[in-house]
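S.K.: The structure that follows is given in the form of structure tokens.
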Amino acid sequence: MLKRLTKVWPYLLMAVGFTLVLGLLEGYVMIQLMGLFDLALGKQMEQFTTESMRVMRLALTLVPIAIIVTCTKNLYKRKANELMKDYYLEKVYAKNISEFYSENNAKYLSALTNDFNTLEQKFINPVYSIIDGGAVFIAGMWMIFTVNPKLVSLGLVLVVINTGLTFLLQKPITKQTTARSDLFEGYTGYIKEVLSAFHIIRNNNLQERIQNNFDEKSETVQHRGYLIDRLLSYVYCMQNTVSNFMILGVMGVAGYLALQGEGTIGGVLLIVEGMFRILGPMMMISEAMPQIATVGGIIKKIEATLTNHEETKEEIEHCELGKGISIEGVSFGYEKEQLILEDVNVAFRTGEKYLIIGPSGGGKSTLLKLLRKYFNPIEGTIWMGDTPLSSIKKEAYFKQISNIDQKVFIFEDTLRNNLTLYKTYTDEEILEALEKAGLADFVNNHPDGLERMLYDDGKNVSGGEKSRIAIARALLEKADLILLDEAFSALDPAKAKEIEKSLLDLEGVTIIHVTHVLFKEHEKDYNEIYMVKNKQVYPYPKHAKQAS
Ligand SMILES: Nc1ncnc2c1ncn2[C@@H]1O[C@H](COP(=O)(O)OP(=O)(O)OP(=O)(O)O)[C@@H](O)[C@H]1O
């Protein structure tokens with residue numbers, strides 16, 4: 001992620017450049033002002049008037065530069081945030097589907113909200129604060145240098161002490177910040193669950209229990225935040241004390257020199273102003289440095305959530321179904337020691353239709369997940385034509401297949417976009433797919449037709465309509481292979497039969513259909529029916545008795 005942030009350097013450099021110009025110009029104006037002060041004290045009124053006009057003009061140039069500084073600073077922050085979030089989403093979508101689903105996706109939600117807020121507050125903003133503070137600090141040192149170069153060394157002592165204090169407390173703060181990020185992850189997951197289970201909680205009067213759990217979790221997160229703030233306040237407090245002593249010391253020395261006749265009153269005022277210009281940024285830098293030091297743990301954690309643990313080399317970019325898909329000696333289990341399928345051999349020939357049935361938990365969906373390339377077999381090979389499926393790039397394979405599931409996701413968008421999934425099809429193609437999916441009336445009976453809006457994962461359509469939208473999507477894709485997993489479970493039997501018939505009539509398309517529901521009148525239209533049971537795939541009904 002930090003590598004991706006290097007793209008933000010041009011914006012940061014631009015902001016740094018203008019900030020530095022502003023800091024130095026402000027310092028220069030201050031030096032000139034103190035000169036004016038000495039002229040006034042020396043009653044050199046004529047020179048004072050001419051110089052005043054010059055310094056005034058100089059001071060006015062600060063206004064446009066200050067505006068440019070604010071704009072470039074905001075541009076840097078915007079770009080840095082955009083780059084980090086773009087990088088994150090790109091990496092999330094590079095995750096293996098199986099790994100994404102095997103984890104609680106609250107961790108991604110938490111990263112995109114809590115962790116990225118932390119990164120903005122404790123990395124992107126502090127990086128700029130350090131630079132901004134650095135520019136003002138340099139100007140302050142320069143102001144002191146013009147009066148008495150020896151006093152500059154005191155400013156440097158201040159830097160060393162503050163940096164030392166920061167590093168001293170960096171480790172415990174980093175530990176606490178990472179721990180809080182972990183807590184936020186669990187907390188986000190919990191909130192997600194509580195909101196998703198709203199109706200179960202209300203119907204079963206579980207509010208009190210949920211409230212207590214929520215209070216407990218919320219308190220733990222807040223307490224961790226309190227510990228971090230307490231540690232940080234120790235650091236700030238020590239840094240403040242050191243800085244205050246330093247400023248008093250410098251003011252004392254400068255006053256003494258002025259009394260000894262080794263400087264002017266304007267010079268003493270310039271030193272005091274310079275000291276404040278050193279002190280302010282020192283505070284800013286002192287606060288920013290420990291914050292930056294704490295984000296290392298969060299960045300590591302974010303990177304860990306983006307890593308794919310199972311990586312097989314996929315080199316083949318184009319694939320075709322060829323003679324079909326065959327499974328040879330395939331074994332698979334979600335955990336290696338607990339196989340769900342063992343030494344399975346089965347072939348699905350191109351253009352043919354297959355029905356997969358079997359008891360609940362028998363492994364039907366697992367077989368489909370292997371065919372969908374969500375997982376690779378532990379042993380054996382799945383062949384697509386003559387090519388091992390594991391060596392085909394996911395993007396290439398996904399172009400060849402269509403998936404229809406029991407659970408259908410609906411985007412908050414028009415029906416058209418939900419059907420086409422943002423690809424281009426003619427209205428004729430869309431209407432043909434709608435007809436086959438039994439959705440023609442659904443479109444014709446609504447005044448907005450294809451442009452009707454669907455909201456919040458399809459809240460304004462029925463479960464059966466959602467299923468039919470998924471079927472129409474698959475038909476539109478005109479894939480060579482359609483994989484269905486309980487796709488008709490939300491449909492009434494008449495509708496389900498009608499749509500199944502449309503799919504069975506698709507010429508040249510291979511269909512593998514996992515279901516609990518077997519329509520007797522369609523049995524003959526399937527080339528083969530398989531039963532998944534006892535870790536095996538048996539032809540059905542030939543071996544039905546033996547399998548059950
Ligand atoms: N992601 C997973 N991680 C671990 N175990 C899993 C996972 N998904 C499924 N299983 C287990 O694998 C076995 C087979 O599950 P699968 O979903 O393939 O069965 P199924 O035949 O499709 O069942 P159903 O008809 O009830 O949907 C079950 O014991 C299930 O608990």
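Labeling convention for the structure tokens: chains A, B, ... as they appear, residues from 1 per chain, ligands from 1 in order of appearance.
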Compute the set of protein, DNA and RNA residues whose minimum atom distance to ligand 1 is at most 6 Å, using only C-alpha atoms and all ligand atoms, and state it as a PyMOL selection string.

M.R.: chain A and resi 102+334+340+359-366

S.K.: What's around region 377-379 of chain A at 9 Å? Count only C-alpha atoms, leave out sequence neighbours fewer than 4 positions away in its own chain, and write the answer as a list in words.

M.R.: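 Near neighbours after the sequence-gap exclusion: Gly329, Val330, Ser331, Phe332, Gly333, Lys336, Glu342, Asp343, Leu370 and Ser390 of chain A.
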
S.K.: Neighbouring residues of region 465-480 of chain A were defined as those with any atom within 8 Å, considering only C-alpha atoms; residues of the same chain fewer than 3 positions away were excluded. Please report them as a PyMOL selection string.

M.R.: chain A and resi 321+351+399-408+410+418-421+425+429-430+433-434+436-439+458+461-462+487-488+490-491+508-510

S.K.: Kindly save the residues from that selection, with C-alpha atoms included, as a PDB file, in the first residue's frame.

M.R.:
ATOM      1  CA  LEU A 321     -15.225 -26.065 -23.452  1.00  0.00           C
ATOM      2  CA  GLY A 351     -24.178 -29.388 -25.057  1.00  0.00           C
ATOM      3  CA  LYS A 399     -16.357 -15.519 -19.379  1.00  0.00           C
ATOM      4  CA  GLN A 400     -17.361 -19.029 -20.465  1.00  0.00           C
ATOM      5  CA  ILE A 401     -19.761 -19.812 -17.657  1.00  0.00           C
ATOM      6  CA  SER A 402     -22.959 -18.476 -16.113  1.00  0.00           C
ATOM      7  CA  ASN A 403     -23.933 -19.102 -12.512  1.00  0.00           C
ATOM      8  CA  ILE A 404     -27.483 -19.067 -11.210  1.00  0.00           C
ATOM      9  CA  ASP A 405     -27.894 -19.368  -7.463  1.00  0.00           C
ATOM     10  CA  GLN A 406     -30.636 -19.516  -4.897  1.00  0.00           C
ATOM     11  CA  LYS A 407     -29.408 -16.221  -3.438  1.00  0.00           C
ATOM     12  CA  VAL A 408     -29.539 -13.439  -5.999  1.00  0.00           C
ATOM     13  CA  ILE A 410     -29.808  -7.065  -7.006  1.00  0.00           C
ATOM     14  CA  ASN A 418     -29.540  -5.511 -13.378  1.00  0.00           C
ATOM     15  CA  LEU A 419     -30.197  -7.769 -16.344  1.00  0.00           C
ATOM     16  CA  THR A 420     -27.287  -6.716 -18.553  1.00  0.00           C
ATOM     17  CA  LEU A 421     -24.857  -6.227 -15.648  1.00  0.00           C
ATOM     18  CA  TYR A 425     -27.255  -5.976 -25.497  1.00  0.00           C
ATOM     19  CA  GLU A 429     -31.848  -9.868 -26.964  1.00  0.00           C
ATOM     20  CA  ILE A 430     -33.079  -8.595 -23.596  1.00  0.00           C
ATOM     21  CA  ALA A 433     -34.102 -13.561 -22.345  1.00  0.00           C
ATOM     22  CA  LEU A 434     -36.987 -12.069 -20.348  1.00  0.00           C
ATOM     23  CA  LYS A 436     -37.479 -17.441 -21.544  1.00  0.00           C
ATOM     24  CA  ALA A 437     -37.016 -16.490 -17.893  1.00  0.00           C
ATOM     25  CA  GLY A 438     -40.762 -15.902 -17.472  1.00  0.00           C
ATOM     26  CA  LEU A 439     -40.312 -12.180 -16.819  1.00  0.00           C
ATOM     27  CA  GLY A 458     -34.308  -6.020  -4.637  1.00  0.00           C
ATOM     28  CA  VAL A 461     -39.396  -7.330  -6.035  1.00  0.00           C
ATOM     29  CA  SER A 462     -40.393 -10.812  -4.897  1.00  0.00           C
ATOM     30  CA  ALA A 487     -31.970 -21.765  -8.744  1.00  0.00           C
ATOM     31  CA  PHE A 488     -35.720 -22.477  -8.692  1.00  0.00           C
ATOM     32  CA  ALA A 490     -38.093 -19.411  -4.763  1.00  0.00           C
ATOM     33  CA  LEU A 491     -40.415 -20.254  -7.672  1.00  0.00           C
ATOM     34  CA  GLY A 508     -25.434 -26.499 -27.635  1.00  0.00           C
ATOM     35  CA  VAL A 509     -25.391 -25.163 -24.057  1.00  0.00           C
ATOM     36  CA  THR A 510     -24.125 -27.446 -21.304  1.00  0.00           C
TER      37      THR A 510
END

S.K.: Could you tell me how far CA of Lys175 (chain A) lies from CA of Ser110 (chain A), in Å and to one decimal?

M.R.: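 Computing the Euclidean distance for CA of Lys175 (chain A) and CA of Ser110 (chain A) yields 18.2 Å.
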
S.K.: Each residue of region 112-152 of chain A with at least one atom at most 10 Å from region 250-268 of chain A should appear once, together with its nearest atom pair and the corresponding distance in Å (one decimal); atoms considered: only C-alpha atoms; ordering: chain, then increasing residue number; output as CSV.

M.R.:
residue,atom,partner,partner_atom,distance
A:Met143,CA,A:Gly267,CA,9.2
A:Ile144,CA,A:Gly267,CA,8.5
A:Thr146,CA,A:Gly267,CA,8.6
A:Val147,CA,A:Gly267,CA,5.8
A:Asn148,CA,A:Gly263,CA,8.6
A:Leu151,CA,A:Val250,CA,7.2
A:Val152,CA,A:Val250,CA,9.7

S.K.: Could you tell me which of A:Pro447, A:Pro290, A:Pro126, A:Gly189 comes closest to Gly164 (chain A) if we count only C-alpha atoms?

M.R.: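 Looking only at the distances to Gly164 (chain A), the closest residue turns out to be A:Pro290.
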
S.K.: Per DSSP on the backbone, filter region 364-547 of chain A down to the residues in helix (DSSP H, G or I) and report them as JSON, numbers by chain.

M.R.: {"A": [364, 365, 366, 367, 368, 369, 370, 371, 389, 390, 391, 394, 395, 396, 397, 398, 399, 400, 415, 416, 417, 418, 419, 420, 427, 428, 429, 430, 431, 432, 433, 434, 435, 436, 440, 441, 442, 443, 444, 449, 450, 451, 463, 464, 465, 466, 467, 468, 469, 470, 471, 472, 473, 474, 475, 476, 477, 493, 494, 495, 496, 497, 498, 499, 500, 501, 502, 503, 504, 520, 521, 522, 523, 544, 545, 546, 547]}

S.K.: For the residues in that selection, give me C-alpha atoms as a PDB file, in the first residue's frame.

M.R.:
ATOM      1  CA  LYS A 364     -23.637 -31.109  -4.352  1.00  0.00           C
ATOM      2  CA  SER A 365     -22.818 -27.419  -3.913  1.00  0.00           C
ATOM      3  CA  THR A 366     -19.206 -28.337  -3.182  1.00  0.00           C
ATOM      4  CA  LEU A 367     -19.002 -30.173  -6.517  1.00  0.00           C
ATOM      5  CA  LEU A 368     -20.441 -27.070  -8.200  1.00  0.00           C
ATOM      6  CA  LYS A 369     -17.940 -24.800  -6.409  1.00  0.00           C
ATOM      7  CA  LEU A 370     -15.122 -26.904  -7.866  1.00  0.00           C
ATOM      8  CA  LEU A 371     -16.675 -26.584 -11.330  1.00  0.00           C
ATOM      9  CA  LEU A 389      -9.050 -26.036 -15.096  1.00  0.00           C
ATOM     10  CA  SER A 390      -6.574 -25.009 -12.385  1.00  0.00           C
ATOM     11  CA  SER A 391      -4.181 -23.550 -14.988  1.00  0.00           C
ATOM     12  CA  LYS A 394     -10.178 -17.090 -13.606  1.00  0.00           C
ATOM     13  CA  GLU A 395     -11.191 -14.122 -15.780  1.00  0.00           C
ATOM     14  CA  ALA A 396     -10.993 -16.310 -18.918  1.00  0.00           C
ATOM     15  CA  TYR A 397     -13.003 -19.131 -17.381  1.00  0.00           C
ATOM     16  CA  PHE A 398     -15.657 -16.864 -15.876  1.00  0.00           C
ATOM     17  CA  LYS A 399     -16.357 -15.519 -19.379  1.00  0.00           C
ATOM     18  CA  GLN A 400     -17.361 -19.029 -20.465  1.00  0.00           C
ATOM     19  CA  LEU A 415     -33.989  -3.468 -14.190  1.00  0.00           C
ATOM     20  CA  ARG A 416     -32.095  -3.123 -17.489  1.00  0.00           C
ATOM     21  CA  ASN A 417     -28.724  -2.679 -15.751  1.00  0.00           C
ATOM     22  CA  ASN A 418     -29.540  -5.511 -13.378  1.00  0.00           C
ATOM     23  CA  LEU A 419     -30.197  -7.769 -16.344  1.00  0.00           C
ATOM     24  CA  THR A 420     -27.287  -6.716 -18.553  1.00  0.00           C
ATOM     25  CA  ASP A 427     -33.567  -4.689 -26.707  1.00  0.00           C
ATOM     26  CA  GLU A 428     -34.482  -7.793 -28.776  1.00  0.00           C
ATOM     27  CA  GLU A 429     -31.848  -9.868 -26.964  1.00  0.00           C
ATOM     28  CA  ILE A 430     -33.079  -8.595 -23.596  1.00  0.00           C
ATOM     29  CA  LEU A 431     -36.740  -9.293 -24.429  1.00  0.00           C
ATOM     30  CA  GLU A 432     -35.924 -12.817 -25.626  1.00  0.00           C
ATOM     31  CA  ALA A 433     -34.102 -13.561 -22.345  1.00  0.00           C
ATOM     32  CA  LEU A 434     -36.987 -12.069 -20.348  1.00  0.00           C
ATOM     33  CA  GLU A 435     -39.466 -14.260 -22.231  1.00  0.00           C
ATOM     34  CA  LYS A 436     -37.479 -17.441 -21.544  1.00  0.00           C
ATOM     35  CA  ALA A 440     -42.101 -10.692 -19.848  1.00  0.00           C
ATOM     36  CA  ASP A 441     -45.260  -9.757 -17.874  1.00  0.00           C
ATOM     37  CA  PHE A 442     -43.168  -8.335 -15.044  1.00  0.00           C
ATOM     38  CA  VAL A 443     -41.674  -5.843 -17.497  1.00  0.00           C
ATOM     39  CA  ASN A 444     -44.772  -5.201 -19.632  1.00  0.00           C
ATOM     40  CA  GLY A 449     -40.637  -1.252 -18.221  1.00  0.00           C
ATOM     41  CA  LEU A 450     -36.911  -2.013 -18.368  1.00  0.00           C
ATOM     42  CA  GLU A 451     -36.074   1.332 -16.784  1.00  0.00           C
ATOM     43  CA  GLY A 463     -38.013 -13.717  -4.278  1.00  0.00           C
ATOM     44  CA  GLY A 464     -39.296 -15.481  -7.389  1.00  0.00           C
ATOM     45  CA  GLU A 465     -38.807 -12.369  -9.511  1.00  0.00           C
ATOM     46  CA  LYS A 466     -35.238 -12.073  -8.225  1.00  0.00           C
ATOM     47  CA  SER A 467     -34.600 -15.691  -9.263  1.00  0.00           C
ATOM     48  CA  ARG A 468     -36.003 -15.014 -12.716  1.00  0.00           C
ATOM     49  CA  ILE A 469     -33.806 -11.930 -13.059  1.00  0.00           C
ATOM     50  CA  ALA A 470     -30.798 -14.156 -12.320  1.00  0.00           C
ATOM     51  CA  ILE A 471     -31.965 -16.648 -14.954  1.00  0.00           C
ATOM     52  CA  ALA A 472     -32.446 -13.860 -17.525  1.00  0.00           C
ATOM     53  CA  ARG A 473     -28.924 -12.567 -16.721  1.00  0.00           C
ATOM     54  CA  ALA A 474     -27.483 -15.999 -17.429  1.00  0.00           C
ATOM     55  CA  LEU A 475     -29.452 -16.385 -20.656  1.00  0.00           C
ATOM     56  CA  LEU A 476     -28.285 -12.982 -21.862  1.00  0.00           C
ATOM     57  CA  GLU A 477     -24.658 -13.915 -21.282  1.00  0.00           C
ATOM     58  CA  PRO A 493     -43.633 -25.466  -9.331  1.00  0.00           C
ATOM     59  CA  ALA A 494     -45.461 -24.328 -12.490  1.00  0.00           C
ATOM     60  CA  LYS A 495     -43.066 -21.425 -13.072  1.00  0.00           C
ATOM     61  CA  ALA A 496     -40.047 -23.567 -12.181  1.00  0.00           C
ATOM     62  CA  LYS A 497     -41.096 -26.245 -14.690  1.00  0.00           C
ATOM     63  CA  GLU A 498     -41.649 -23.649 -17.399  1.00  0.00           C
ATOM     64  CA  ILE A 499     -38.203 -22.077 -16.912  1.00  0.00           C
ATOM     65  CA  GLU A 500     -36.459 -25.429 -16.575  1.00  0.00           C
ATOM     66  CA  LYS A 501     -37.961 -26.392 -19.922  1.00  0.00           C
ATOM     67  CA  SER A 502     -36.619 -23.182 -21.548  1.00  0.00           C
ATOM     68  CA  LEU A 503     -33.153 -23.989 -20.230  1.00  0.00           C
ATOM     69  CA  LEU A 504     -33.335 -27.626 -21.335  1.00  0.00           C
ATOM     70  CA  LYS A 520     -40.602 -36.324 -13.213  1.00  0.00           C
ATOM     71  CA  GLU A 521     -41.743 -35.025 -16.600  1.00  0.00           C
ATOM     72  CA  HIS A 522     -38.324 -33.421 -17.226  1.00  0.00           C
ATOM     73  CA  GLU A 523     -36.209 -36.406 -16.176  1.00  0.00           C
ATOM     74  CA  ALA A 544     -29.982 -45.253  -6.571  1.00  0.00           C
ATOM     75  CA  LYS A 545     -30.790 -48.196  -4.307  1.00  0.00           C
ATOM     76  CA  GLN A 546     -27.173 -49.006  -3.689  1.00  0.00           C
ATOM     77  CA  ALA A 547     -26.380 -45.347  -2.981  1.00  0.00           C
TER      78      ALA A 547
END

S.K.: From a backbone DSSP assignment, name each residue in region 156-333 of chain A labelled strand (DSSP E or B), as a list in words.

M.R.: Ile316, Gly324, Ile325, Ser326, Ile327, Glu328, Gly329, Val330, Ser331 and Phe332 of chain A

S.K.: Using only C-alpha atoms, determine which residues lie at most 12 Å from Val92 (chain A), disregarding the query and same-chain residues fewer than 2 positions distant; provide the list as a CSV table (one decimal) with N, CA and C atoms, in the first residue's frame.

M.R.:
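Generated output (out.csv):
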chain,number,residue,atom,x,y,z
A,85,LYS,N,-7.8,4.0,-1.1
A,85,LYS,CA,-9.0,3.2,-1.2
A,85,LYS,C,-9.1,2.5,-2.5
A,86,ASP,N,-8.6,3.1,-3.6
A,86,ASP,CA,-8.6,2.4,-4.9
A,86,ASP,C,-7.8,1.2,-4.8
A,87,TYR,N,-6.6,1.3,-4.2
A,87,TYR,CA,-5.7,0.2,-4.1
A,87,TYR,C,-6.4,-1.0,-3.3
A,88,TYR,N,-7.1,-0.6,-2.2
A,88,TYR,CA,-7.7,-1.6,-1.4
A,88,TYR,C,-8.8,-2.4,-2.1
A,89,LEU,N,-9.6,-1.6,-2.8
A,89,LEU,CA,-10.7,-2.3,-3.5
A,89,LEU,C,-10.2,-3.2,-4.7
A,90,GLU,N,-9.2,-2.7,-5.3
A,90,GLU,CA,-8.6,-3.4,-6.4
A,90,GLU,C,-8.1,-4.8,-5.9
A,94,ALA,N,-9.1,-8.9,-6.2
A,94,ALA,CA,-8.2,-9.9,-6.7
A,94,ALA,C,-8.2,-11.1,-5.7
A,95,LYS,N,-9.0,-11.0,-4.7
A,95,LYS,CA,-9.0,-12.2,-3.7
A,95,LYS,C,-9.7,-13.4,-4.4
A,96,ASN,N,-9.3,-14.5,-4.0
A,96,ASN,CA,-9.9,-15.7,-4.4
A,96,ASN,C,-11.4,-15.7,-3.9
A,97,ILE,N,-12.3,-16.1,-4.7
A,97,ILE,CA,-13.7,-16.0,-4.2
A,97,ILE,C,-13.9,-16.9,-3.0
A,99,GLU,N,-11.7,-17.7,-0.7
A,99,GLU,CA,-11.1,-17.1,0.5
A,99,GLU,C,-11.9,-15.9,1.0
A,100,PHE,N,-12.5,-15.2,0.1
A,100,PHE,CA,-13.3,-14.0,0.5
A,100,PHE,C,-14.5,-14.5,1.3
A,101,TYR,N,-15.1,-15.6,0.8
A,101,TYR,CA,-16.3,-16.1,1.4
A,101,TYR,C,-16.0,-16.8,2.7
A,105,ASN,N,-16.7,-11.0,6.1
A,105,ASN,CA,-16.4,-9.8,5.3
A,105,ASN,C,-16.5,-8.5,6.1
A,107,LYS,N,-14.4,-7.7,8.1
A,107,LYS,CA,-13.0,-7.3,8.2
A,107,LYS,C,-12.7,-6.2,7.1
A,108,TYR,N,-13.4,-6.5,5.9
A,108,TYR,CA,-13.1,-5.5,4.8
A,108,TYR,C,-13.9,-4.2,5.1
A,109,LEU,N,-15.1,-4.4,5.6
A,109,LEU,CA,-15.9,-3.2,6.0
A,109,LEU,C,-15.2,-2.4,7.0
A,111,ALA,N,-11.9,-2.4,7.6
A,111,ALA,CA,-10.7,-1.7,7.0
A,111,ALA,C,-11.1,-0.5,6.2
A,112,LEU,N,-12.2,-0.6,5.4
A,112,LEU,CA,-12.5,0.6,4.6
A,112,LEU,C,-13.1,1.7,5.4
A,302,ILE,N,-3.9,-4.6,7.3
A,302,ILE,CA,-4.7,-4.5,6.0
A,302,ILE,C,-4.1,-5.3,4.9
A,303,GLU,N,-2.7,-5.3,4.8
A,303,GLU,CA,-2.1,-6.1,3.7
A,303,GLU,C,-2.4,-7.6,3.9
A,304,ALA,N,-2.4,-8.0,5.2
A,304,ALA,CA,-2.6,-9.4,5.5
A,304,ALA,C,-4.0,-9.8,5.0
A,305,THR,N,-5.0,-8.9,5.2
A,305,THR,CA,-6.4,-9.3,4.8
A,305,THR,C,-6.5,-9.4,3.3
A,306,LEU,N,-5.5,-8.8,2.6
A,306,LEU,CA,-5.6,-8.8,1.1
A,306,LEU,C,-4.8,-9.9,0.4
A,307,THR,N,-4.1,-10.7,1.3
A,307,THR,CA,-3.2,-11.7,0.7
A,307,THR,C,-4.1,-13.0,0.4
A,308,ASN,N,-3.9,-13.5,-0.8
A,308,ASN,CA,-4.4,-14.8,-1.1
A,308,ASN,C,-3.5,-15.9,-0.6

S.K.: Please list as JSON, numbers by chain every residue within 9 Å of Ala66 (chain A), counting only C-alpha atoms and excluding residues in the same chain fewer than 3 positions away.

M.R.: {"A": [18, 19, 22, 61, 62, 63, 69, 70, 71]}

S.K.: I need the chosen residues saved as a tab-separated table (two decimals), in the first residue's frame, with N, CA and C atoms.

M.R.:
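The result, stored in selection_26.tsv:
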chain	number	residue	atom	x	y	z
A	18	PHE	N	5.03	24.99	-1.96
A	18	PHE	CA	4.30	26.23	-1.63
A	18	PHE	C	4.35	26.51	-0.12
A	19	THR	N	4.29	25.43	0.68
A	19	THR	CA	4.33	25.62	2.14
A	19	THR	C	5.66	26.24	2.55
A	22	LEU	N	5.82	29.85	1.58
A	22	LEU	CA	5.00	30.64	2.51
A	22	LEU	C	5.73	30.82	3.85
A	61	THR	N	1.56	39.84	-0.38
A	61	THR	CA	1.83	38.68	-1.26
A	61	THR	C	1.59	37.36	-0.52
A	62	LEU	N	1.54	37.44	0.84
A	62	LEU	CA	1.31	36.21	1.61
A	62	LEU	C	-0.09	35.65	1.36
A	63	VAL	N	-1.06	36.57	1.04
A	63	VAL	CA	-2.46	36.12	0.92
A	63	VAL	C	-2.63	35.09	-0.22
A	69	VAL	N	-1.44	27.37	-0.86
A	69	VAL	CA	-0.99	26.32	0.08
A	69	VAL	C	-2.19	25.48	0.52
A	70	THR	N	-3.30	26.15	0.88
A	70	THR	CA	-4.48	25.40	1.34
A	70	THR	C	-4.99	24.49	0.22
A	71	CYS	N	-5.04	25.02	-1.01
A	71	CYS	CA	-5.55	24.20	-2.12
A	71	CYS	C	-4.66	22.99	-2.38

S.K.: So what do you get for CA of Ile325 (chain A) versus CA of Lys524 (chain A), distance-wise?

M.R.: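 If I compute the distance from CA of Ile325 (chain A) to CA of Lys524 (chain A), I get 21.5 Å.
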
S.K.: Hey, what's within 6 Å of Tyr76 (chain A) if we count only C-alpha atoms and toss same-chain stuff fewer than 2 positions away? As a list in words, please?

M.R.: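 My reading of the contact set: Tyr11, Leu12, Lys73, Asn74, Arg78 and Lys79 of chain A.
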
S.K.: When distances are computed from only C-alpha atoms, which of A:Thr72, A:Ile191, A:Leu339, A:Ser196 shows the smallest separation from Asn213 (chain A)?

M.R.: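 Of the candidates, the smallest distance to Asn213 (chain A) is held by A:Ile191.
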
S.K.: With only C-alpha atoms as the atoms that count, which of A:Asn212, A:Ser286, A:Gln176, A:Thr414 lies nearest to Asp448 (chain A)?

M.R.: A:Thr414
